[in-house]
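Structure file run.cif; described as mmCIF, C-alpha atoms.
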```cif
data_start
loop_
_atom_site.group_PDB
_atom_site.id
_atom_site.type_symbol
_atom_site.label_atom_id
_atom_site.label_comp_id
_atom_site.auth_asym_id
_atom_site.auth_seq_id
_atom_site.Cartn_x
_atom_site.Cartn_y
_atom_site.Cartn_z
ATOM 1 C CA MET A 1 28.368 10.027 -0.861
ATOM 2 C CA SER A 2 28.640 6.696 0.966
ATOM 3 C CA ILE A 3 25.551 5.408 2.769
ATOM 4 C CA ALA A 4 26.235 2.266 4.774
ATOM 5 C CA GLN A 5 23.806 -0.629 4.724
ATOM 6 C CA SER A 6 23.525 -0.444 8.503
ATOM 7 C CA VAL A 7 21.778 2.918 8.189
ATOM 8 C CA PHE A 8 18.897 1.359 6.272
ATOM 9 C CA LYS A 9 18.712 -1.626 8.591
ATOM 10 C CA ASP A 10 17.765 0.798 11.360
ATOM 11 C CA ILE A 11 14.534 1.489 9.457
ATOM 12 C CA ILE A 12 11.942 -1.214 10.129
ATOM 13 C CA ILE A 13 10.865 -2.921 6.911
ATOM 14 C CA GLN A 14 7.167 -3.375 7.615
ATOM 15 C CA GLN A 15 4.964 -4.214 4.674
ATOM 16 C CA ASP A 16 1.341 -3.162 4.847
ATOM 17 C CA GLU A 17 -0.886 -6.212 5.224
ATOM 18 C CA LEU A 18 -4.322 -6.686 3.690
ATOM 19 C CA ILE A 19 -6.420 -9.391 5.342
ATOM 20 C CA VAL A 20 -9.524 -10.284 3.336
ATOM 21 C CA CYS A 21 -12.251 -12.228 5.125
ATOM 22 C CA GLY A 22 -14.105 -14.090 2.403
ATOM 23 C CA GLY A 23 -13.074 -15.516 -0.950
ATOM 24 C CA GLY A 24 -16.040 -14.679 -3.173
ATOM 25 C CA HIS A 25 -16.277 -12.688 -6.406
ATOM 26 C CA VAL A 26 -15.397 -9.303 -4.878
ATOM 27 C CA SER A 27 -12.320 -10.734 -3.200
ATOM 28 C CA ILE A 28 -10.605 -11.610 -6.477
ATOM 29 C CA PRO A 29 -10.148 -8.034 -7.765
ATOM 30 C CA ILE A 30 -9.381 -6.824 -4.212
ATOM 31 C CA ILE A 31 -6.514 -9.325 -4.083
ATOM 32 C CA LYS A 32 -5.169 -8.233 -7.469
ATOM 33 C CA ILE A 33 -5.355 -4.505 -6.707
ATOM 34 C CA GLY A 34 -3.888 -5.093 -3.253
ATOM 35 C CA LYS A 35 -0.862 -6.795 -4.789
ATOM 36 C CA MET A 36 -0.467 -3.949 -7.287
ATOM 37 C CA LEU A 37 -0.389 -1.536 -4.334
ATOM 38 C CA ASP A 38 2.376 -3.508 -2.569
ATOM 39 C CA PHE A 39 0.246 -5.061 0.177
ATOM 40 C CA GLY A 40 0.961 -8.482 1.532
ATOM 41 C CA VAL A 41 -2.397 -10.202 0.979
ATOM 42 C CA THR A 42 -3.908 -12.873 3.229
ATOM 43 C CA VAL A 43 -7.340 -14.370 2.509
ATOM 44 C CA LEU A 44 -9.485 -16.258 5.005
ATOM 45 C CA GLU A 45 -12.040 -18.636 3.512
ATOM 46 C CA ASP A 46 -13.806 -21.686 4.946
ATOM 47 C CA ARG A 47 -14.693 -23.315 1.607
ATOM 48 C CA PRO A 48 -11.865 -25.281 -0.068
ATOM 49 C CA LEU A 49 -13.028 -24.543 -3.617
ATOM 50 C CA TYR A 50 -13.063 -20.799 -2.985
ATOM 51 C CA ALA A 51 -9.740 -21.030 -1.165
ATOM 52 C CA ASP A 52 -8.238 -22.510 -4.325
ATOM 53 C CA ARG A 53 -9.654 -19.646 -6.384
ATOM 54 C CA VAL A 54 -8.074 -16.944 -4.241
ATOM 55 C CA ARG A 55 -4.746 -18.781 -4.345
ATOM 56 C CA ALA A 56 -4.947 -18.680 -8.128
ATOM 57 C CA ALA A 57 -5.727 -14.943 -7.935
ATOM 58 C CA GLY A 58 -2.358 -14.317 -6.310
ATOM 59 C CA ALA A 59 -2.966 -14.140 -2.564
ATOM 60 C CA ASP A 60 0.283 -14.491 -0.611
ATOM 61 C CA ARG A 61 -1.352 -16.578 2.095
ATOM 62 C CA VAL A 62 -4.665 -18.433 2.223
ATOM 63 C CA ILE A 63 -6.081 -19.871 5.443
ATOM 64 C CA CYS A 64 -8.886 -22.350 4.838
ATOM 65 C CA ASP A 65 -10.641 -22.654 8.200
ATOM 66 C CA THR A 66 -13.578 -21.203 10.075
ATOM 67 C CA PHE A 67 -13.329 -17.427 10.160
ATOM 68 C CA ARG A 68 -12.867 -17.397 13.910
ATOM 69 C CA ASP A 69 -10.046 -19.933 13.831
ATOM 70 C CA ALA A 70 -8.481 -18.344 10.765
ATOM 71 C CA LEU A 71 -8.431 -14.924 12.429
ATOM 72 C CA SER A 72 -6.770 -16.457 15.485
ATOM 73 C CA GLN A 73 -3.877 -17.308 13.138
ATOM 74 C CA THR A 74 -3.414 -13.694 12.033
ATOM 75 C CA ASP A 75 -1.802 -10.805 13.839
ATOM 76 C CA GLY A 76 -3.129 -7.303 14.040
ATOM 77 C CA GLY A 77 -0.997 -4.185 13.903
ATOM 78 C CA SER A 78 -0.839 -0.557 12.850
ATOM 79 C CA ASN A 79 -0.044 -1.738 9.314
ATOM 80 C CA VAL A 80 -2.934 -4.229 9.011
ATOM 81 C CA TYR A 81 -6.071 -3.540 6.935
ATOM 82 C CA PHE A 82 -9.068 -5.855 7.399
ATOM 83 C CA VAL A 83 -11.684 -6.228 4.642
ATOM 84 C CA VAL A 84 -14.798 -8.237 5.516
ATOM 85 C CA VAL A 85 -16.571 -9.499 2.398
ATOM 86 C CA THR A 86 -18.136 -12.741 3.559
ATOM 87 C CA ARG A 87 -21.257 -14.404 2.196
ATOM 88 C CA GLY A 88 -23.537 -13.760 5.153
ATOM 89 C CA HIS A 89 -24.467 -11.709 8.202
ATOM 90 C CA ARG A 90 -23.407 -14.282 10.787
ATOM 91 C CA TYR A 91 -19.964 -14.626 9.202
ATOM 92 C CA ASP A 92 -19.533 -10.846 9.236
ATOM 93 C CA MET A 93 -20.277 -10.824 12.945
ATOM 94 C CA GLU A 94 -17.882 -13.695 13.575
ATOM 95 C CA CYS A 95 -15.090 -11.805 11.818
ATOM 96 C CA LEU A 96 -15.745 -8.445 13.445
ATOM 97 C CA ARG A 97 -15.759 -9.893 16.963
ATOM 98 C CA SER A 98 -12.229 -11.162 16.390
ATOM 99 C CA ILE A 99 -11.006 -8.095 14.504
ATOM 100 C CA PHE A 100 -12.103 -5.727 17.273
ATOM 101 C CA GLU A 101 -9.852 -7.620 19.662
ATOM 102 C CA LYS A 102 -6.823 -6.762 17.534
ATOM 103 C CA LYS A 103 -4.927 -3.616 16.655
ATOM 104 C CA TYR A 104 -5.549 -2.483 13.079
ATOM 105 C CA ALA A 105 -5.255 0.445 10.690
ATOM 106 C CA TYR A 106 -8.565 -0.198 8.965
ATOM 107 C CA ALA A 107 -11.614 -2.432 9.286
ATOM 108 C CA GLY A 108 -14.284 -2.365 6.598
ATOM 109 C CA MET A 109 -17.338 -4.507 5.948
ATOM 110 C CA MET A 110 -19.291 -4.838 2.710
ATOM 111 C CA GLY A 111 -23.050 -4.419 2.961
ATOM 112 C CA SER A 112 -25.958 -2.070 2.425
ATOM 113 C CA ARG A 113 -26.702 0.743 4.865
ATOM 114 C CA VAL A 114 -29.531 -1.359 6.315
ATOM 115 C CA ARG A 115 -27.299 -4.403 6.794
ATOM 116 C CA SER A 116 -24.502 -2.258 8.215
ATOM 117 C CA GLY A 117 -26.923 -0.696 10.677
ATOM 118 C CA GLU A 118 -28.137 -4.105 11.805
ATOM 119 C CA VAL A 119 -24.577 -5.303 12.354
ATOM 120 C CA ARG A 120 -23.716 -2.196 14.386
ATOM 121 C CA LYS A 121 -26.769 -2.696 16.602
ATOM 122 C CA ALA A 122 -25.944 -6.367 17.117
ATOM 123 C CA LEU A 123 -22.337 -5.545 18.039
ATOM 124 C CA ALA A 124 -23.497 -2.920 20.519
ATOM 125 C CA ALA A 125 -25.895 -5.437 22.064
ATOM 126 C CA GLU A 126 -22.940 -7.776 22.587
ATOM 127 C CA GLY A 127 -21.110 -5.085 24.536
ATOM 128 C CA ILE A 128 -18.719 -3.790 21.869
ATOM 129 C CA SER A 129 -17.969 -0.162 22.675
ATOM 130 C CA GLU A 130 -19.462 2.645 20.601
ATOM 131 C CA ALA A 131 -15.959 3.992 19.968
ATOM 132 C CA GLU A 132 -14.871 0.672 18.450
ATOM 133 C CA ILE A 133 -18.002 0.329 16.342
ATOM 134 C CA ALA A 134 -17.581 3.886 15.066
ATOM 135 C CA LYS A 135 -14.218 2.917 13.555
ATOM 136 C CA LEU A 136 -15.891 0.377 11.266
ATOM 137 C CA HIS A 137 -16.084 1.468 7.628
ATOM 138 C CA SER A 138 -19.432 0.186 6.427
ATOM 139 C CA PRO A 139 -20.790 0.401 3.812
ATOM 140 C CA ILE A 140 -17.237 -0.240 2.716
ATOM 141 C CA GLY A 141 -15.339 1.850 0.183
ATOM 142 C CA LEU A 142 -15.593 5.330 -1.283
ATOM 143 C CA PRO A 143 -19.008 6.178 -2.786
ATOM 144 C CA ILE A 144 -18.121 6.007 -6.482
ATOM 145 C CA GLY A 145 -21.304 4.217 -7.523
ATOM 146 C CA GLY A 146 -19.649 0.897 -8.348
ATOM 147 C CA GLU A 147 -21.744 -2.206 -8.901
ATOM 148 C CA THR A 148 -19.530 -4.897 -10.441
ATOM 149 C CA PRO A 149 -16.994 -6.793 -8.298
ATOM 150 C CA GLU A 150 -14.185 -4.883 -9.995
ATOM 151 C CA GLU A 151 -15.819 -1.506 -9.374
ATOM 152 C CA ILE A 152 -16.487 -2.365 -5.742
ATOM 153 C CA ALA A 153 -12.863 -3.456 -5.342
ATOM 154 C CA VAL A 154 -11.669 -0.119 -6.732
ATOM 155 C CA SER A 155 -13.829 1.771 -4.212
ATOM 156 C CA VAL A 156 -12.579 -0.404 -1.321
ATOM 157 C CA MET A 157 -8.914 -0.054 -2.195
ATOM 158 C CA ALA A 158 -9.313 3.680 -2.874
ATOM 159 C CA GLU A 159 -10.597 4.130 0.679
ATOM 160 C CA ILE A 160 -7.714 2.057 2.036
ATOM 161 C CA VAL A 161 -5.154 4.060 0.031
ATOM 162 C CA GLN A 162 -6.670 7.275 1.406
ATOM 163 C CA ILE A 163 -6.276 6.024 4.970
ATOM 164 C CA ARG A 164 -2.808 4.564 4.359
ATOM 165 C CA ASP A 165 -1.622 7.905 2.976
ATOM 166 C CA ARG A 166 -2.903 9.727 6.063
ATOM 167 C CA ILE A 167 -1.176 7.241 8.365
ATOM 168 C CA ARG A 168 2.108 7.546 6.477
ATOM 169 C CA LYS A 169 1.996 11.319 6.757
ATOM 170 C CA GLU A 170 1.299 11.093 10.473
ATOM 171 C CA LYS A 171 4.212 8.688 10.888
ATOM 172 C CA LYS A 172 6.435 10.871 8.703
ATOM 173 C CA ALA A 173 7.815 7.796 6.945
ATOM 174 C CA ASP A 174 9.935 10.031 4.649
ATOM 175 C CA GLY A 175 9.258 7.921 1.577
ATOM 176 C CA TYR A 176 10.963 4.747 2.799
ATOM 177 C CA THR A 177 8.256 2.330 1.717
ATOM 178 C CA HIS A 178 8.633 -1.433 1.908
ATOM 179 C CA GLU A 179 9.409 -1.529 -1.823
ATOM 180 C CA ILE A 180 12.118 1.155 -1.562
ATOM 181 C CA LEU A 181 13.824 -0.481 1.412
ATOM 182 C CA GLN A 182 13.792 -3.864 -0.288
ATOM 183 C CA ALA A 183 15.453 -2.311 -3.338
ATOM 184 C CA LEU A 184 18.069 -0.537 -1.243
ATOM 185 C CA LEU A 185 18.929 -3.750 0.600
ATOM 186 C CA ALA A 186 18.697 -6.127 -2.375
ATOM 187 C CA ALA A 187 21.460 -8.696 -2.060
ATOM 188 C CA ASP A 188 23.094 -8.312 -5.470
ATOM 189 C CA ASP A 189 26.065 -6.481 -6.956
ATOM 190 C CA ARG A 190 24.162 -3.919 -8.997
ATOM 191 C CA SER A 191 24.933 -0.279 -8.341
ATOM 192 C CA ARG A 192 21.913 1.757 -7.342
ATOM 193 C CA CYS A 193 20.962 5.394 -7.001
ATOM 194 C CA LEU A 194 18.383 6.846 -4.621
ATOM 195 C CA ALA A 195 16.239 9.693 -5.998
ATOM 196 C CA THR A 196 14.318 11.832 -3.490
ATOM 197 C CA ILE A 197 11.960 14.734 -4.123
ATOM 198 C CA THR A 198 13.338 17.439 -1.810
ATOM 199 C CA SER A 199 11.323 20.452 -2.963
ATOM 200 C CA ARG A 200 8.098 21.071 -4.845
ATOM 201 C CA LYS A 201 6.511 24.311 -5.982
ATOM 202 C CA GLY A 202 3.237 24.415 -7.857
ATOM 203 C CA SER A 203 1.661 21.287 -9.265
ATOM 204 C CA ALA A 204 3.603 18.015 -9.252
ATOM 205 C CA PRO A 205 2.417 14.393 -9.194
ATOM 206 C CA ARG A 206 4.256 13.300 -6.011
ATOM 207 C CA SER A 207 4.960 14.964 -2.663
ATOM 208 C CA VAL A 208 8.232 15.969 -1.000
ATOM 209 C CA GLY A 209 10.009 12.922 0.437
ATOM 210 C CA THR A 210 8.868 10.523 -2.295
ATOM 211 C CA LYS A 211 11.697 8.186 -3.294
ATOM 212 C CA MET A 212 12.689 5.958 -6.190
ATOM 213 C CA VAL A 213 15.628 3.576 -6.587
ATOM 214 C CA VAL A 214 17.337 3.282 -9.974
ATOM 215 C CA PHE A 215 19.577 0.267 -10.625
ATOM 216 C CA GLU A 216 22.535 0.336 -13.023
ATOM 217 C CA ASP A 217 20.593 -1.784 -15.530
ATOM 218 C CA GLY A 218 17.747 0.754 -15.661
ATOM 219 C CA VAL A 219 15.338 -1.220 -13.495
ATOM 220 C CA CYS A 220 13.494 1.026 -11.034
ATOM 221 C CA ALA A 221 11.712 0.518 -7.713
ATOM 222 C CA GLY A 222 9.053 3.045 -6.788
ATOM 223 C CA THR A 223 8.158 6.122 -8.792
ATOM 224 C CA ILE A 224 8.530 9.875 -8.430
ATOM 225 C CA GLY A 225 5.665 10.549 -10.800
ATOM 226 C CA GLY A 226 6.467 9.012 -14.159
ATOM 227 C CA GLY A 227 6.614 10.815 -17.474
ATOM 228 C CA CYS A 228 9.406 13.036 -18.778
ATOM 229 C CA VAL A 229 10.606 14.080 -15.315
ATOM 230 C CA GLU A 230 11.148 10.512 -14.184
ATOM 231 C CA ALA A 231 12.836 9.627 -17.485
ATOM 232 C CA GLN A 232 15.251 12.527 -17.022
ATOM 233 C CA VAL A 233 16.018 11.451 -13.458
ATOM 234 C CA VAL A 234 16.654 7.853 -14.554
ATOM 235 C CA GLN A 235 19.075 8.981 -17.271
ATOM 236 C CA GLU A 236 20.942 11.220 -14.837
ATOM 237 C CA ALA A 237 21.142 8.412 -12.275
ATOM 238 C CA LEU A 238 22.598 6.050 -14.886
ATOM 239 C CA HIS A 239 25.241 8.648 -15.810
ATOM 240 C CA MET A 240 26.157 9.042 -12.138
ATOM 241 C CA MET A 241 26.516 5.300 -11.586
ATOM 242 C CA ARG A 242 28.884 5.153 -14.556
ATOM 243 C CA GLY A 243 31.068 7.694 -12.787
ATOM 244 C CA ALA A 244 30.383 10.469 -15.258
ATOM 245 C CA VAL A 245 29.017 13.258 -13.071
ATOM 246 C CA GLY A 246 29.774 12.503 -9.415
ATOM 247 C CA ASP A 247 27.887 10.517 -6.817
ATOM 248 C CA SER A 248 25.536 13.165 -5.413
ATOM 249 C CA ARG A 249 23.654 16.040 -7.012
ATOM 250 C CA THR A 250 20.326 17.852 -7.098
ATOM 251 C CA LEU A 251 18.292 18.359 -10.259
ATOM 252 C CA ARG A 252 15.935 21.316 -10.587
ATOM 253 C CA ILE A 253 13.251 20.528 -13.135
ATOM 254 C CA ASN A 254 10.915 23.216 -14.431
ATOM 255 C CA MET A 255 7.397 21.988 -15.178
ATOM 256 C CA LEU A 256 5.811 25.436 -15.449
ATOM 257 C CA PRO A 257 2.945 25.558 -17.973
ATOM 258 C CA GLU A 258 4.886 26.798 -21.000
ATOM 259 C CA GLN A 259 7.684 24.240 -20.631
ATOM 260 C CA ALA A 260 5.370 21.470 -19.495
ATOM 261 C CA GLU A 261 3.334 21.884 -22.675
ATOM 262 C CA GLU A 262 6.472 21.872 -24.832
ATOM 263 C CA GLU A 263 7.791 18.717 -23.155
ATOM 264 C CA GLY A 264 4.442 16.949 -23.127
ATOM 265 C CA MET A 265 4.104 17.019 -19.322
ATOM 266 C CA VAL A 266 0.727 16.932 -17.612
ATOM 267 C CA CYS A 267 1.709 19.002 -14.545
ATOM 268 C CA GLY A 268 3.040 22.484 -13.975
ATOM 269 C CA GLY A 269 5.543 23.426 -11.290
ATOM 270 C CA ILE A 270 9.145 23.146 -10.198
ATOM 271 C CA VAL A 271 10.623 20.124 -8.435
ATOM 272 C CA GLU A 272 14.049 19.533 -6.978
ATOM 273 C CA ILE A 273 15.210 15.939 -6.873
ATOM 274 C CA THR A 274 18.335 14.825 -5.035
ATOM 275 C CA LEU A 275 20.237 11.851 -6.468
ATOM 276 C CA ASP A 276 22.642 9.832 -4.337
ATOM 277 C CA VAL A 277 24.638 6.868 -5.566
ATOM 278 C CA ILE A 278 24.379 4.293 -2.784
ATOM 279 C CA ASP A 279 27.429 2.503 -1.409
ATOM 280 C CA LEU A 280 26.226 -0.456 0.637
ATOM 281 C CA GLN A 281 29.665 -1.423 1.880
ATOM 282 C CA VAL A 282 29.787 -1.163 5.674
#
```

Would you mind writing the file out in structure tokens?
Amino acid sequence: MSIAQSVFKDIIIQQDELIVCGGGHVSIPIIKIGKMLDFGVTVLEDRPLYADRVRAAGADRVICDTFRDALSQTDGGSNVYFVVVTRGHRYDMECLRSIFEKKYAYAGMMGSRVRSGEVRKALAAEGISEAEIAKLHSPIGLPIGGETPEEIAVSVMAEIVQIRDRIRKEKKADGYTHEILQALLAADDRSRCLATITSRKGSAPRSVGTKMVVFEDGVCAGTIGGGCVEAQVVQEALHMMRGAVGDSRTLRINMLPEQAEEEGMVCGGIVEITLDVIDLQV
């Protein structure tokens, strides 16, 4: 099967963007988890010392300016997630005024229920519509009872992942994430194989349409669930790229309870995974 590079170029490579307003203690683990989840991370901070700290934490972009001016240097969009974790009420308000003028996938603000209620009332008094205010996630994050910066970051990013997953399903992105497209279009001579979950019955870790790219050296981009199933798919993909078993085939892997237990799998079900060796020559 030959899939030309031009086919993939028709799919817009749009990385999800996480814009964090504030560079305090909670921001550091949010940055690190955001990077792990393949977000492009921008941090806005008006204090140079804190700006240096978030750079060291791995933020892709740091804007050290007033929050209002920093937000004027950022674009909104359906792939943009705003997290407001500033050091004070007036800075929260400054950020939210600008954020509500943009398009976004998510806007969340850290604070107690009392503080969140006060901010909502103040925004309404300034003429912000009830519909816009209702979209604000505050208190931010899923209610997991976290108290430390790391625990709060987990709850924030869990809420964002939940919303991102819903948006992806609505868009029917078919598994072509930013990471997968980058791997498919990587400018090197390595052969690569695209694995796609095409059918799932029973329990399985990933949904239909999930994709993974396997390179000829065994390096992978994405995951179809890990464990024994993924290891089997990787081995089959390597055989295919060596010309041993053709350039397109579908594997049917049984993870029903009796076999799953024997193989050390944690799920039970049947998945079908299609493997296609990719030819990027136009």

* To do: Provide the CA of Asp16 in chain A to CA of Met157 in chain A distance in Å, to one decimal place.
  =>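 A separation of 12.8 Å between them.
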
* Expand the PyMOL selection byres ((chain A and resi 123-130) around 12) into the individual residues it matches in the shown file, reporting them as a ChimeraX atom specification. => /A:89-90,92-101,116-122,131-136

* To do: Provide the CA of Gly209 in chain A to CA of Ile197 in chain A distance in Å, to one decimal place.
  =>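 Answer for the CA of Gly209 in chain A to CA of Ile197 in chain A separation: 5.3 Å.
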
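Between CA of Leu18 in chain A and CA of Arg115 in chain A the interatomic distance comes to 23.3 Å.
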
* Asked: If you apply the PyMOL selection byres ((chain A and resi 249) around 6) to this file, what residues do you get, as a list in words?
  ->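 Matching residues under the PyMOL selection byres ((chain A and resi 249) around 6) are Ser248, Thr250, Thr274 and Leu275 of chain A.
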